[in-house]
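Structure first, commentary second.
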Amino acid sequence: MNKNRYAPLIGTCLALSVLLSGCGQEAGPTAPPEESGEAFSYPENDKDFSSLRTPGSQEAAYEYQLFFLPGIDGVEQPYVGDPMPYCEDGVYYIYYLKDAGDSYNHSIYLATTTDFVHYEEQDGPVLEASRSGGQDSWIGTGSVVKAGGKYYLFYTGHTGAATAEYKEKIMVAVSDSLTSFQKVEGWSITPPAELGQKNDFRDPQAYYDPETDTISLTITAAQGGVARILKYTLSADLETARYDGIIFTDPVGDFWNLECSDTFRMGDKWYLTYSAQDDTLWYASADGQFGPYSQPQRLEGKLFYAAKHVEDGGSSYMVGWARRSESPSSTQDVAAWAGNLVVQKLVQTEDGGLVLAPVDGILEQFTARRELPLGSSAAVIEAGSAYSYADAFTCYERFVLTGRFSCSGSGSFGLAFDYNGREDKYKMISLSPREGKLQLFFNEGATLIAENTLDIQPEQEYSFTYIQEGSVGVFYLDGQAALTVRLYGVSGKPIKLFAESNTVTFSSLRQYTS
């Protein structure tokens with residue numbers, strides 16, 4: 001028999017408790033609003049989504065600020081692919097492969113920011129793919145480095161010409177500024193013969209060493225069907241290039257390429273990050289910049305792709321793009337190339353690991369505390385083998401959720417987003433102690449979209465932070481795991497707490513809008 005009940009929590013708060021042993025059931029009336037020294041706000045600028053009945057119409061109505069998108073070109077929305085971040089004098093230069101719009105074959109464009117909140121977009125390309133054909137008829141990912149008073153943009157020259165010997169070469173452009181580059185004609189690096197292939201050789205990441213006046217490049221490639229990362233050493237005048245060999249080999253063996261690799265130092269450790277093609281963002285650590293590296297660990301899910309490191313002398317960040325769907329109405333996958341720019345703060349843990357956290361400046365934008373449909377900042381959900389739901393928040397255009405939780409069982413729980421009023425179509429951010437996974441599901445848990453690893457123990461308390469703008473969101477199990485999500489068609493609708501085969505106590509629940 002299904003029934004709802006209320007259960008008291010510590011202090012004066014009232015909490016909603018849903019006991020379920022059969023089918024899922026909506027919660028009943030909520031407890032009165034919690035007394036708090038922080039007043040609720042009722043802004044008058046909430047966007048009305050009631051007339052926007054399709055995911056596509058909602059997406060077209062979003063005004064992205066925090067998760068940057070290039071401006072619309074005519075009637076076409078371009079997207080951000082493979083960011084190449086560079087920082088100088090407090091300004092972040094975010095070079096990226098622009099997909100669609102006025103971009104010719106993934107030409108490189110530029111947006112600048114000082115806070116990852118406000119972006120200024122440069123109209124024309126910084127470096128354009130060759131319109132007359134040739135090796136760089138398509139441009140692939142690269143990086144910017146300063147050496148000897150000049151800026152060098154190393155990039156991938158990709159050709160589809162059937163007669164070309166090499167499908168990809170490493171090429172370079174030079175500049176006295178950071179806003180436009182000139183290609184160095186006749187300069188390139190080709191795959192070493194021992195790779196045994198001439199197709200996949202890309203994503204140069206450059207590092208300048210003033211002591212030796214050399215530039216190191218890491219490049220992704222494959223040998224014998226196994227994904228690898230290579231290293232080259234160049235003279236600063238680019239006159240010589242020495243192949244130093246393989247510095248990292250995929251220990252899993254299932255990935256096509258280890259794309260957009262980057263290496264950087266935090267504390268006394270060096271880290272290597274890469275996006276395993278069609279998989280997730282990974283990292284490995286080492287005592288030296290170029291290895292040998294530890295066994296890699298997952299850092300994020302597959303919807304936060306091609307992320308690279310950038311720092312300002314104080315904080316470190318990973319800058320990537322949030323994957324999208326070709327059709328916002330799809331409930332089966334999120335698989336299209338390029339999307340919104342997403343920046344996350346990089347934090348080193350006490351044991352030398354890495355975790356991602358929200359950017360401080362982004363969190364500071366959310367100041368209006370909203371009243372919750374729960375009528376309280378706390379809830380207890382007791383659930384049997386079927387999902388139990390309780391309306392907890394509202395899906396505004398731009399918002400942040402924070403809270404704490406503890407659980408007693410091993411079943412999954414988290415946030416469920418109403419898509420079309422049907423439970424079997426709910427989109428769910430799920431934490432599973434049993435599986436040790438933080439996951440994004442569509443279709444009420446039937447369709448897995450993305451995942452990361454976590455470790456949740458019974459009767460221990462954890463905190464979470466969730467940021468969403470438009471259809472892009474990032475969920476943080478604070479201090480442990482992050483997962484970027486894409487949620488089309490959920491704005492203006494309820495966000496529910498859910499659980500199955502577990503008893504979960506939520507507390508300190510808050511929702512803020514900007």
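Each chain in the structure tokens gets a letter, A, B, ..., in the order shown, and its residues are numbered from 1; ligands are numbered from 1 in order too.
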(request) Skip range 299-307 of chain A itself and residues of its chain fewer than 5 positions away, then list as a list in words all residues within 7 Å of it, counting only C-alpha atoms. (result)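 The filter keeps Asp82, Pro83, Glu259, Cys260, Ser275, Asp278, Asp279, Thr280, Leu281, Trp282, Tyr283, Met318, Val319, Gly320, Trp321, Ala322, Arg323, Val355, Ala450, Glu451, Asn452, Ala482, Leu483, Thr484 and Val485 of chain A.
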Could you write those residues out with C-alpha atoms, as a tab-separated table (two decimals), in the first residue's frame?
```
chain	number	residue	atom	x	y	z
A	82	ASP	CA	37.63	22.60	-28.77
A	83	PRO	CA	38.67	25.70	-26.77
A	259	GLU	CA	42.27	14.27	-27.80
A	260	CYS	CA	43.20	17.77	-26.66
A	275	SER	CA	39.50	13.66	-23.64
A	278	ASP	CA	33.77	9.39	-27.47
A	279	ASP	CA	34.37	8.95	-23.74
A	280	THR	CA	35.15	11.16	-20.76
A	281	LEU	CA	37.73	13.64	-19.52
A	282	TRP	CA	40.65	11.89	-17.80
A	283	TYR	CA	43.76	12.88	-15.89
A	318	MET	CA	39.43	23.64	-17.20
A	319	VAL	CA	37.82	25.16	-20.28
A	320	GLY	CA	35.73	22.86	-22.49
A	321	TRP	CA	32.46	22.64	-24.37
A	322	ALA	CA	29.13	21.12	-23.39
A	323	ARG	CA	27.95	18.59	-25.92
A	355	VAL	CA	38.34	17.60	-8.71
A	450	ALA	CA	26.80	10.41	-19.36
A	451	GLU	CA	28.49	9.38	-16.12
A	452	ASN	CA	31.34	9.94	-13.70
A	482	ALA	CA	31.32	16.83	-11.36
A	483	LEU	CA	29.02	15.99	-14.26
A	484	THR	CA	28.01	18.25	-17.13
A	485	VAL	CA	24.47	17.62	-18.39
```
(request) In Å, rounded to a single decimal, give me how far CA of Asp250 in chain A is from CA of Glu194 in chain A. (result)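 Calculated distance between CA of Glu194 in chain A and CA of Asp250 in chain A is 17.4 Å.
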(message) So the first atom is CA of Lys231 in chain A and the second is CA of Leu217 in chain A; what is the distance between them in Å, to one decimal place?
(response)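 Separation between CA of Lys231 in chain A and CA of Leu217 in chain A: 5.6 Å.
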(message) With only C-alpha atoms as the counted atoms, please give the residues lying no more than 7 Å from range 171-183 of chain A, apart from itself and same-chain residues fewer than 6 positions off, as a list of chain:residue names.
(response)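 With the cut-off at 7 Å, the set is A:Val126, A:Leu127, A:Lys150, A:Tyr151, A:Tyr152, A:Leu153, A:Phe154, A:Tyr155, A:Thr156, A:Gly157, A:Ile189.
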Preceding selection exported with all heavy atoms as a CSV table (one decimal), in the first residue's frame:
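And here is the file that came out, part.csv:
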```
chain,number,residue,atom,x,y,z
A,126,VAL,N,40.3,34.5,-36.2
A,126,VAL,CA,41.7,34.7,-35.8
A,126,VAL,C,42.6,34.0,-36.9
A,126,VAL,O,43.7,34.5,-37.2
A,126,VAL,CB,42.0,34.2,-34.4
A,126,VAL,CG1,43.5,34.2,-34.1
A,126,VAL,CG2,41.3,35.1,-33.4
A,127,LEU,N,42.2,32.8,-37.3
A,127,LEU,CA,42.9,32.1,-38.3
A,127,LEU,C,41.9,31.3,-39.1
A,127,LEU,O,41.1,30.5,-38.5
A,127,LEU,CB,43.9,31.1,-37.6
A,127,LEU,CG,44.9,30.4,-38.5
A,127,LEU,CD1,45.9,31.4,-39.0
A,127,LEU,CD2,45.6,29.3,-37.8
A,150,LYS,N,57.2,36.8,-29.5
A,150,LYS,CA,56.1,36.5,-30.5
A,150,LYS,C,55.2,35.5,-30.0
A,150,LYS,O,55.5,34.7,-29.1
A,150,LYS,CB,56.8,36.1,-31.8
A,150,LYS,CG,57.5,37.1,-32.6
A,150,LYS,CD,58.0,36.7,-33.9
A,150,LYS,CE,58.7,37.8,-34.7
A,150,LYS,NZ,57.7,38.9,-35.0
A,151,TYR,N,54.0,35.5,-30.5
A,151,TYR,CA,53.0,34.5,-30.2
A,151,TYR,C,52.9,33.5,-31.3
A,151,TYR,O,52.8,33.9,-32.5
A,151,TYR,CB,51.6,35.2,-30.0
A,151,TYR,CG,51.6,36.2,-28.9
A,151,TYR,CD1,51.7,37.5,-29.1
A,151,TYR,CD2,51.4,35.8,-27.5
A,151,TYR,CE1,51.7,38.5,-28.1
A,151,TYR,CE2,51.4,36.7,-26.5
A,151,TYR,CZ,51.6,38.1,-26.8
A,151,TYR,OH,51.6,39.0,-25.8
A,152,TYR,N,52.9,32.2,-31.0
A,152,TYR,CA,52.7,31.2,-32.0
A,152,TYR,C,51.5,30.4,-31.7
A,152,TYR,O,51.2,30.0,-30.6
A,152,TYR,CB,53.9,30.2,-31.9
A,152,TYR,CG,55.3,30.9,-32.3
A,152,TYR,CD1,56.1,31.4,-31.3
A,152,TYR,CD2,55.6,31.0,-33.6
A,152,TYR,CE1,57.3,32.0,-31.6
A,152,TYR,CE2,56.8,31.6,-34.0
A,152,TYR,CZ,57.6,32.1,-33.0
A,152,TYR,OH,58.8,32.7,-33.3
A,153,LEU,N,50.7,30.2,-32.8
A,153,LEU,CA,49.5,29.4,-32.7
A,153,LEU,C,49.8,28.1,-33.5
A,153,LEU,O,49.8,28.1,-34.7
A,153,LEU,CB,48.3,30.2,-33.3
A,153,LEU,CG,47.0,29.4,-33.5
A,153,LEU,CD1,46.6,28.6,-32.3
A,153,LEU,CD2,45.9,30.3,-34.0
A,154,PHE,N,50.1,27.0,-32.8
A,154,PHE,CA,50.2,25.7,-33.4
A,154,PHE,C,48.8,25.1,-33.6
A,154,PHE,O,48.0,25.2,-32.7
A,154,PHE,CB,51.1,24.8,-32.5
A,154,PHE,CG,52.5,25.3,-32.4
A,154,PHE,CD1,52.9,26.1,-31.4
A,154,PHE,CD2,53.4,24.8,-33.3
A,154,PHE,CE1,54.3,26.5,-31.3
A,154,PHE,CE2,54.8,25.2,-33.3
A,154,PHE,CZ,55.2,26.1,-32.2
A,155,TYR,N,48.6,24.5,-34.7
A,155,TYR,CA,47.3,24.0,-35.0
A,155,TYR,C,47.3,22.8,-35.9
A,155,TYR,O,48.4,22.5,-36.4
A,155,TYR,CB,46.4,25.1,-35.6
A,155,TYR,CG,46.8,25.5,-37.0
A,155,TYR,CD1,46.2,25.0,-38.2
A,155,TYR,CD2,47.8,26.5,-37.2
A,155,TYR,CE1,46.6,25.4,-39.4
A,155,TYR,CE2,48.2,26.9,-38.4
A,155,TYR,CZ,47.6,26.4,-39.6
A,155,TYR,OH,47.9,26.8,-40.8
A,156,THR,N,46.2,22.1,-36.0
A,156,THR,CA,46.1,20.9,-36.9
A,156,THR,C,45.7,21.3,-38.3
A,156,THR,O,44.6,21.9,-38.4
A,156,THR,CB,45.2,19.9,-36.3
A,156,THR,OG1,45.6,19.6,-34.9
A,156,THR,CG2,45.2,18.6,-37.1
A,157,GLY,N,46.4,20.9,-39.3
A,157,GLY,CA,46.0,21.1,-40.6
A,157,GLY,C,45.4,19.8,-41.1
A,157,GLY,O,46.1,18.8,-41.2
A,189,ILE,N,54.9,19.7,-39.3
A,189,ILE,CA,55.5,18.5,-38.7
A,189,ILE,C,54.6,17.4,-39.2
A,189,ILE,O,53.4,17.4,-39.1
A,189,ILE,CB,55.5,18.5,-37.2
A,189,ILE,CG1,56.4,19.7,-36.7
A,189,ILE,CG2,56.0,17.2,-36.6
A,189,ILE,CD1,56.4,19.8,-35.1
```
(message) Quick one: residues within 9 Å of Leu195 in chain A, only C-alpha atoms, excluding same-chain residues fewer than 2 positions away - as number ranges by chain?
(response) A: 191-193, 197-198, 221-224
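The residue that comes closest to Trp187 in chain A, out of A:Thr240, A:Ser50, A:Gln205, A:Thr220 and on the basis of only C-alpha atoms, is A:Thr240.
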(request) Find the spatial neighbours of range 335-339 of chain A, counting only C-alpha atoms, within a cut-off of 7 Å - ignore same-chain residues fewer than 4 positions away - and output them as number ranges by chain. (result) A: 79-81, 99, 321-326
For the residues selected in the previous step, produce a file with C-alpha atoms as a PDB file, in the first residue's frame.
```
ATOM      1  CA  TYR A  79      28.722  26.640 -31.585  1.00  0.00           C
ATOM      2  CA  VAL A  80      31.977  26.422 -29.669  1.00  0.00           C
ATOM      3  CA  GLY A  81      34.287  23.519 -30.409  1.00  0.00           C
ATOM      4  CA  ASP A  99      31.207  25.363 -35.896  1.00  0.00           C
ATOM      5  CA  TRP A 321      32.459  22.639 -24.367  1.00  0.00           C
ATOM      6  CA  ALA A 322      29.128  21.121 -23.390  1.00  0.00           C
ATOM      7  CA  ARG A 323      27.951  18.591 -25.923  1.00  0.00           C
ATOM      8  CA  ARG A 324      24.529  19.137 -27.523  1.00  0.00           C
ATOM      9  CA  SER A 325      21.981  17.148 -29.531  1.00  0.00           C
ATOM     10  CA  GLU A 326      21.387  17.618 -33.239  1.00  0.00           C
TER      11      GLU A 326
END
```
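Residue nearest Glu397 in chain A, chosen from A:Gln135, A:Gln457, A:Ser491, A:Ser432 and counting only C-alpha atoms: A:Ser491.
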(message) If DSSP is run on the backbone, what residues of range 70-222 of chain A are strand (DSSP E)? A reply as number ranges by chain would be ideal.
(response) A: 79-88, 91-99, 108-113, 119-121, 138-147, 150-158, 168-175, 182-183, 201-209, 214-222
(request) Tell me, in Å to one decimal, how far CA of Gln511 in chain A is from CA of Pro70 in chain A. (result)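 Answer for the CA of Gln511 in chain A to CA of Pro70 in chain A separation: 28.3 Å.
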(message) Using only C-alpha atoms for the distances, tell me which of A:Leu415, A:Leu440, A:Leu97, A:Leu401 is nearest to Ser463 in chain A.
(response)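 Looking only at the distances to Ser463 in chain A, the closest residue turns out to be A:Leu401.
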Using only C-alpha atoms, which residues sit within 7 Å of Tyr317 in chain A once same-chain residues fewer than 5 positions away are excluded, as a PDB file with C-alpha atoms, in the first residue's frame?
```pdb
ATOM      1  CA  HIS A 309      43.827  23.951 -18.530  1.00  0.00           C
ATOM      2  CA  VAL A 310      44.390  27.679 -18.037  1.00  0.00           C
ATOM      3  CA  GLU A 311      45.564  29.608 -14.993  1.00  0.00           C
ATOM      4  CA  VAL A 343      34.520  26.662 -17.513  1.00  0.00           C
ATOM      5  CA  GLN A 344      35.111  24.831 -14.233  1.00  0.00           C
ATOM      6  CA  LYS A 345      37.534  25.530 -11.414  1.00  0.00           C
ATOM      7  CA  LEU A 346      40.287  22.970 -10.892  1.00  0.00           C
TER       8      LEU A 346
END
```
(request) Please identify all polymer residues within 7 Å of Phe255 in chain A, counting only C-alpha atoms, omitting same-chain residues fewer than 6 positions from it, and present them as JSON, numbers by chain. (result) {"A": [227, 276, 277]}
Please write the residues from the selection above to a file, keeping N, CA and C atoms, as an mmCIF file, in the first residue's frame.
```cif
data_model
loop_
_atom_site.group_PDB
_atom_site.id
_atom_site.type_symbol
_atom_site.label_atom_id
_atom_site.label_comp_id
_atom_site.auth_asym_id
_atom_site.auth_seq_id
_atom_site.Cartn_x
_atom_site.Cartn_y
_atom_site.Cartn_z
ATOM 1 N N ALA A 227 45.794 4.280 -28.750
ATOM 2 C CA ALA A 227 45.904 5.730 -28.608
ATOM 3 C C ALA A 227 47.121 6.099 -27.787
ATOM 4 N N ALA A 276 39.314 11.275 -23.880
ATOM 5 C CA ALA A 276 39.326 10.022 -24.636
ATOM 6 C C ALA A 276 38.168 10.072 -25.626
ATOM 7 N N GLN A 277 38.485 9.917 -26.899
ATOM 8 C CA GLN A 277 37.477 10.169 -27.934
ATOM 9 C C GLN A 277 36.243 9.310 -27.721
#
```
(request) Could you check which of A:Gly313, A:Phe417, A:Asp455, A:Pro292 is closest to Asn443 in chain A, using only C-alpha atoms? (result)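 When distances to Asn443 in chain A are compared using only C-alpha atoms, the smallest one comes from A:Phe417.
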